[in-house]
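Scroll down for the structure; my scribbles are underneath it.
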Amino acid sequence: WNADQHLPTQINTDNRGTIMMRTLVFLSLMASAACFAPSPLSIKSNQAPRSVRAGVCPTSTGLTMQLKSRRSVLGSAALVAGSLVLGQTGFAAPATAALDPRPPSPDDLTIYVGAGCFWHVQHEMIVAESKILKRDSKTFTSVAGYAGGTKVGKNNDVCYHNRMSFSDYGSMGHTEVVAVKVPNDRLLYFMEAFLGLFDANGIRNDPQDAGGEYRTALGLPGGMKNDAVSVLREFATQKGMRVLAGKGDEGDTLEDKTIYVYDTAQFPFHAGELYHQYHDDMGVDYGEEYHAMRDVALQRGTLTVSNCPGDRSYRPVPQ
């Protein structure tokens, strides 16, 4: 399998024996795979990093800008096994694969992921873009926002909670997510990075944030029909999580450990307010270099000032 080729549009269901063998290989590799658990993370932080929760396997990978990932994005045998299940028999081992830089391209898929507060998730997707795609502040695509609801406000607005209840994302059934542009042949890497947002028991990084606004979400082109879902389901099972089709307006997933998969055409991404972008997490300072990326993204046009009340201070004052 050539890594520059796209994922197969359809798995050959006629060769059931081969798929069964690959599945068995997958399960055996999963037994010894490195955990996706969060580990202490900071980007030139002036504060002590968040402590690792009890029972979590601490791992870290040094990245540029002194990034330390909460998990080893590329070091899991499970990704190799998942590649086998999808027929990528020539896929190099993630720990040693020499991944070429992949700047944003019109051919990229737009996906989104949600696992609690989007401040932390955006940082983790920036780490993933850096490690998996070799992107930097001039090419990062991760944007915090909202998705998964069945309603939108006036002019298609979706906004954070505000005193005027203007296009409030929670009241319209949306959850906090982060969108990122991904090459199709690197999609499985981001499936692993997504599951790295949860500990070995399928619990997200910030269980103190409760409600449908923090439910676990994954937006993919085609939703459940995307071939990557079969691999995701195998990964998720190892953490006691289940994968279901998102229908919109769901409640929290903290108790039942559900991953709702949304079709991005039916449940599109809505970019969040500028002030939420490249934000520190609760109790974690990601550093000034990270914060400065917001202005870079704004100049590039990756970010825009919204019509939401929270972005009022960024809008020009009428003369």
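As shown in the structure tokens, the chain order sets the letters A, B, ...; within each chain, residues go from 1, and ligands are also counted from 1 in the order they appear.
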Just the residues within 6 Å of Ala147 (chain A), please, counting only C-alpha atoms, with nothing from its chain fewer than 2 positions along; format it as a compact mmCIF listing (two decimals) with C-alpha atoms, in the first residue's frame.
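around.txt, freshly written:
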# COMPACT_ATOMS: atom_id res chain seq x y z
CA GLY A 149 -26.88 20.58 16.73
CA HIS A 174 -24.35 21.77 19.60
CA THR A 175 -21.22 20.51 21.33
CA PHE A 269 -18.80 22.77 11.61
What are the closest atom pairs, with distances in Å to one decimal, for all residues of region 240-296 of chain A lying within 7 Å of region 114-126 of chain A? Consider only C-alpha atoms, order rows by chain and residue number, and present the result as JSON lines.
{"residue": "A:Tyr278", "atom": "CA", "partner": "A:Trp119", "partner_atom": "CA", "distance": 7.0}
{"residue": "A:His279", "atom": "CA", "partner": "A:Trp119", "partner_atom": "CA", "distance": 5.6}
{"residue": "A:Asp280", "atom": "CA", "partner": "A:Trp119", "partner_atom": "CA", "distance": 6.4}
{"residue": "A:Asp281", "atom": "CA", "partner": "A:His120", "partner_atom": "CA", "distance": 5.3}
With C-alpha atoms retained, write the just-selected residues as an mmCIF file, in the first residue's frame.
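What follows is the written file result.cif:
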data_model
loop_
_atom_site.group_PDB
_atom_site.id
_atom_site.type_symbol
_atom_site.label_atom_id
_atom_site.label_comp_id
_atom_site.auth_asym_id
_atom_site.auth_seq_id
_atom_site.Cartn_x
_atom_site.Cartn_y
_atom_site.Cartn_z
ATOM 1 C CA TYR A 278 -5.514 29.178 21.031
ATOM 2 C CA HIS A 279 -6.802 29.579 24.575
ATOM 3 C CA ASP A 280 -5.195 28.192 27.723
ATOM 4 C CA ASP A 281 -6.870 25.183 29.270
#
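With distances restricted to only C-alpha atoms, A:Met282 is the closest residue to Asp209 (chain A) from A:Ser171, A:Met282, A:Leu274, A:Lys247.
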Could you pull out all residues of region 197-299 of chain A with a DSSP call of helix (DSSP H, G or I) and give them as an mmCIF file with N, CA, C and O atoms, in the first residue's frame?
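The resulting file, result.cif, is shown below:
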data_model
loop_
_atom_site.group_PDB
_atom_site.id
_atom_site.type_symbol
_atom_site.label_atom_id
_atom_site.label_comp_id
_atom_site.auth_asym_id
_atom_site.auth_seq_id
_atom_site.Cartn_x
_atom_site.Cartn_y
_atom_site.Cartn_z
ATOM 1 N N GLY A 212 -24.520 18.210 27.468
ATOM 2 C CA GLY A 212 -24.451 17.904 26.051
ATOM 3 C C GLY A 212 -23.457 18.746 25.284
ATOM 4 O O GLY A 212 -22.985 18.344 24.210
ATOM 5 N N GLU A 213 -23.116 19.924 25.837
ATOM 6 C CA GLU A 213 -22.146 20.800 25.176
ATOM 7 C C GLU A 213 -20.737 20.213 25.188
ATOM 8 O O GLU A 213 -19.836 20.720 24.509
ATOM 9 N N TYR A 214 -20.532 19.130 25.957
ATOM 10 C CA TYR A 214 -19.204 18.535 26.080
ATOM 11 C C TYR A 214 -19.186 17.071 25.640
ATOM 12 O O TYR A 214 -18.215 16.357 25.909
ATOM 13 N N GLY A 223 -20.026 10.380 7.522
ATOM 14 C CA GLY A 223 -20.433 9.890 8.835
ATOM 15 C C GLY A 223 -20.055 8.433 9.044
ATOM 16 O O GLY A 223 -18.919 8.026 8.830
ATOM 17 N N MET A 224 -21.024 7.633 9.437
ATOM 18 C CA MET A 224 -20.794 6.219 9.730
ATOM 19 C C MET A 224 -20.394 5.422 8.496
ATOM 20 O O MET A 224 -19.873 4.301 8.615
ATOM 21 N N LYS A 225 -20.606 5.953 7.314
ATOM 22 C CA LYS A 225 -20.239 5.249 6.086
ATOM 23 C C LYS A 225 -18.761 5.411 5.750
ATOM 24 O O LYS A 225 -18.258 4.740 4.841
ATOM 25 N N ALA A 228 -13.077 4.668 7.811
ATOM 26 C CA ALA A 228 -12.282 4.778 9.031
ATOM 27 C C ALA A 228 -13.073 4.397 10.277
ATOM 28 O O ALA A 228 -12.486 4.082 11.313
ATOM 29 N N VAL A 229 -14.410 4.405 10.203
ATOM 30 C CA VAL A 229 -15.239 4.116 11.371
ATOM 31 C C VAL A 229 -15.023 2.694 11.867
ATOM 32 O O VAL A 229 -15.038 2.434 13.078
ATOM 33 N N SER A 230 -14.826 1.739 10.958
ATOM 34 C CA SER A 230 -14.621 0.357 11.387
ATOM 35 C C SER A 230 -13.360 0.224 12.223
ATOM 36 O O SER A 230 -13.317 -0.529 13.202
ATOM 37 N N VAL A 231 -12.317 0.964 11.853
ATOM 38 C CA VAL A 231 -11.084 0.950 12.635
ATOM 39 C C VAL A 231 -11.298 1.688 13.952
ATOM 40 O O VAL A 231 -10.853 1.242 15.008
ATOM 41 N N LEU A 232 -11.986 2.823 13.897
ATOM 42 C CA LEU A 232 -12.290 3.580 15.111
ATOM 43 C C LEU A 232 -13.019 2.704 16.121
ATOM 44 O O LEU A 232 -12.708 2.722 17.313
ATOM 45 N N ARG A 233 -13.983 1.928 15.652
ATOM 46 C CA ARG A 233 -14.763 1.092 16.559
ATOM 47 C C ARG A 233 -13.870 0.077 17.271
ATOM 48 O O ARG A 233 -14.037 -0.176 18.469
ATOM 49 N N GLU A 234 -12.923 -0.503 16.546
ATOM 50 C CA GLU A 234 -12.007 -1.463 17.166
ATOM 51 C C GLU A 234 -11.151 -0.775 18.223
ATOM 52 O O GLU A 234 -10.931 -1.310 19.310
ATOM 53 N N PHE A 235 -10.644 0.408 17.898
ATOM 54 C CA PHE A 235 -9.860 1.174 18.870
ATOM 55 C C PHE A 235 -10.704 1.477 20.112
ATOM 56 O O PHE A 235 -10.261 1.291 21.237
ATOM 57 N N ALA A 236 -11.897 2.003 19.877
ATOM 58 C CA ALA A 236 -12.752 2.463 20.970
ATOM 59 C C ALA A 236 -13.139 1.334 21.911
ATOM 60 O O ALA A 236 -13.246 1.533 23.127
ATOM 61 N N THR A 237 -13.370 0.147 21.364
ATOM 62 C CA THR A 237 -13.762 -0.993 22.185
ATOM 63 C C THR A 237 -12.735 -1.274 23.265
ATOM 64 O O THR A 237 -13.080 -1.674 24.388
ATOM 65 N N LEU A 274 -13.384 34.306 18.125
ATOM 66 C CA LEU A 274 -11.938 34.500 18.056
ATOM 67 C C LEU A 274 -11.291 34.356 19.431
ATOM 68 O O LEU A 274 -10.191 33.808 19.564
ATOM 69 N N TYR A 275 -11.979 34.836 20.469
ATOM 70 C CA TYR A 275 -11.366 34.814 21.795
ATOM 71 C C TYR A 275 -11.205 33.402 22.346
ATOM 72 O O TYR A 275 -10.438 33.179 23.299
ATOM 73 N N HIS A 276 -11.885 32.427 21.758
ATOM 74 C CA HIS A 276 -11.740 31.040 22.200
ATOM 75 C C HIS A 276 -10.562 30.334 21.523
ATOM 76 O O HIS A 276 -10.194 29.233 21.938
ATOM 77 N N GLU A 288 3.036 31.987 25.627
ATOM 78 C CA GLU A 288 2.799 33.103 24.717
ATOM 79 C C GLU A 288 2.986 32.722 23.251
ATOM 80 O O GLU A 288 2.316 33.271 22.370
ATOM 81 N N GLU A 289 3.908 31.805 22.969
ATOM 82 C CA GLU A 289 4.123 31.404 21.583
ATOM 83 C C GLU A 289 2.868 30.748 21.013
ATOM 84 O O GLU A 289 2.503 30.964 19.858
ATOM 85 N N TYR A 290 2.213 29.959 21.835
ATOM 86 C CA TYR A 290 0.956 29.330 21.425
ATOM 87 C C TYR A 290 -0.127 30.391 21.248
ATOM 88 O O TYR A 290 -0.852 30.392 20.242
ATOM 89 N N HIS A 291 -0.256 31.302 22.194
ATOM 90 C CA HIS A 291 -1.284 32.346 22.113
ATOM 91 C C HIS A 291 -1.101 33.203 20.862
ATOM 92 O O HIS A 291 -2.085 33.618 20.229
ATOM 93 N N ALA A 292 0.145 33.472 20.495
ATOM 94 C CA ALA A 292 0.429 34.338 19.341
ATOM 95 C C ALA A 292 -0.029 33.730 18.027
ATOM 96 O O ALA A 292 -0.201 34.442 17.034
ATOM 97 N N MET A 293 -0.241 32.419 18.006
ATOM 98 C CA MET A 293 -0.686 31.770 16.773
ATOM 99 C C MET A 293 -2.072 32.252 16.347
ATOM 100 O O MET A 293 -2.429 32.168 15.177
ATOM 101 N N ARG A 294 -2.845 32.753 17.293
ATOM 102 C CA ARG A 294 -4.176 33.261 16.955
ATOM 103 C C ARG A 294 -4.077 34.431 15.984
ATOM 104 O O ARG A 294 -4.800 34.480 14.977
ATOM 105 N N ASP A 295 -3.172 35.367 16.254
ATOM 106 C CA ASP A 295 -3.013 36.512 15.363
ATOM 107 C C ASP A 295 -2.484 36.079 13.997
ATOM 108 O O ASP A 295 -2.880 36.624 12.966
ATOM 109 N N VAL A 296 -1.591 35.083 14.004
ATOM 110 C CA VAL A 296 -1.062 34.571 12.733
ATOM 111 C C VAL A 296 -2.191 33.956 11.913
ATOM 112 O O VAL A 296 -2.322 34.205 10.713
ATOM 113 N N ALA A 297 -3.031 33.150 12.573
ATOM 114 C CA ALA A 297 -4.150 32.513 11.874
ATOM 115 C C ALA A 297 -5.162 33.544 11.388
ATOM 116 O O ALA A 297 -5.764 33.384 10.321
ATOM 117 N N LEU A 298 -5.349 34.605 12.160
ATOM 118 C CA LEU A 298 -6.274 35.666 11.753
ATOM 119 C C LEU A 298 -5.757 36.376 10.502
ATOM 120 O O LEU A 298 -6.521 36.647 9.566
ATOM 121 N N GLN A 299 -4.472 36.645 10.463
ATOM 122 C CA GLN A 299 -3.870 37.287 9.298
ATOM 123 C C GLN A 299 -3.926 36.382 8.065
ATOM 124 O O GLN A 299 -4.109 36.860 6.936
#
Can you check which residues of region 71-271 of chain A DSSP gives as strand (DSSP E) on the backbone and send them as a ChimeraX atom specification?
/A:109-114,143-147,175-182,217-220,242-245,258-263,270-271
Applying 12 Å and only C-alpha atoms, which residues near region 262-267 of chain A remain after dropping the ones on its own chain fewer than 4 positions away? List them as a ChimeraX atom specification.
/A:109-114,146-152,173-175,177,179,216-226,229,243-250
Tell me which protein, DNA and RNA residues are within 9 Å of Phe166 (chain A), counting only C-alpha atoms, leaving out same-chain ones fewer than 5 positions away, and put them as a PyMOL selection string.
chain A and resi 153-154+157-161+308-309
Residue with the minimum atom-to-atom distance to Phe140 (chain A), picked from A:Leu303, A:Phe198, A:Gly240, A:Arg215 with only C-alpha atoms counted, is A:Leu303
Of the residues A:Pro207, A:Pro106, A:Pro183, A:Gly170, which is the one nearest to Leu133 (chain A), using only C-alpha atoms?
A:Pro183
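Taking only C-alpha atoms into account, Lys257 (chain A) lies nearest to A:Gly202 out of the set A:Pro103, A:Gly196, A:Gly272, A:Gly202.
You will find CA of Arg312 (chain A) at 25.8 Å from CA of Gly283 (chain A).
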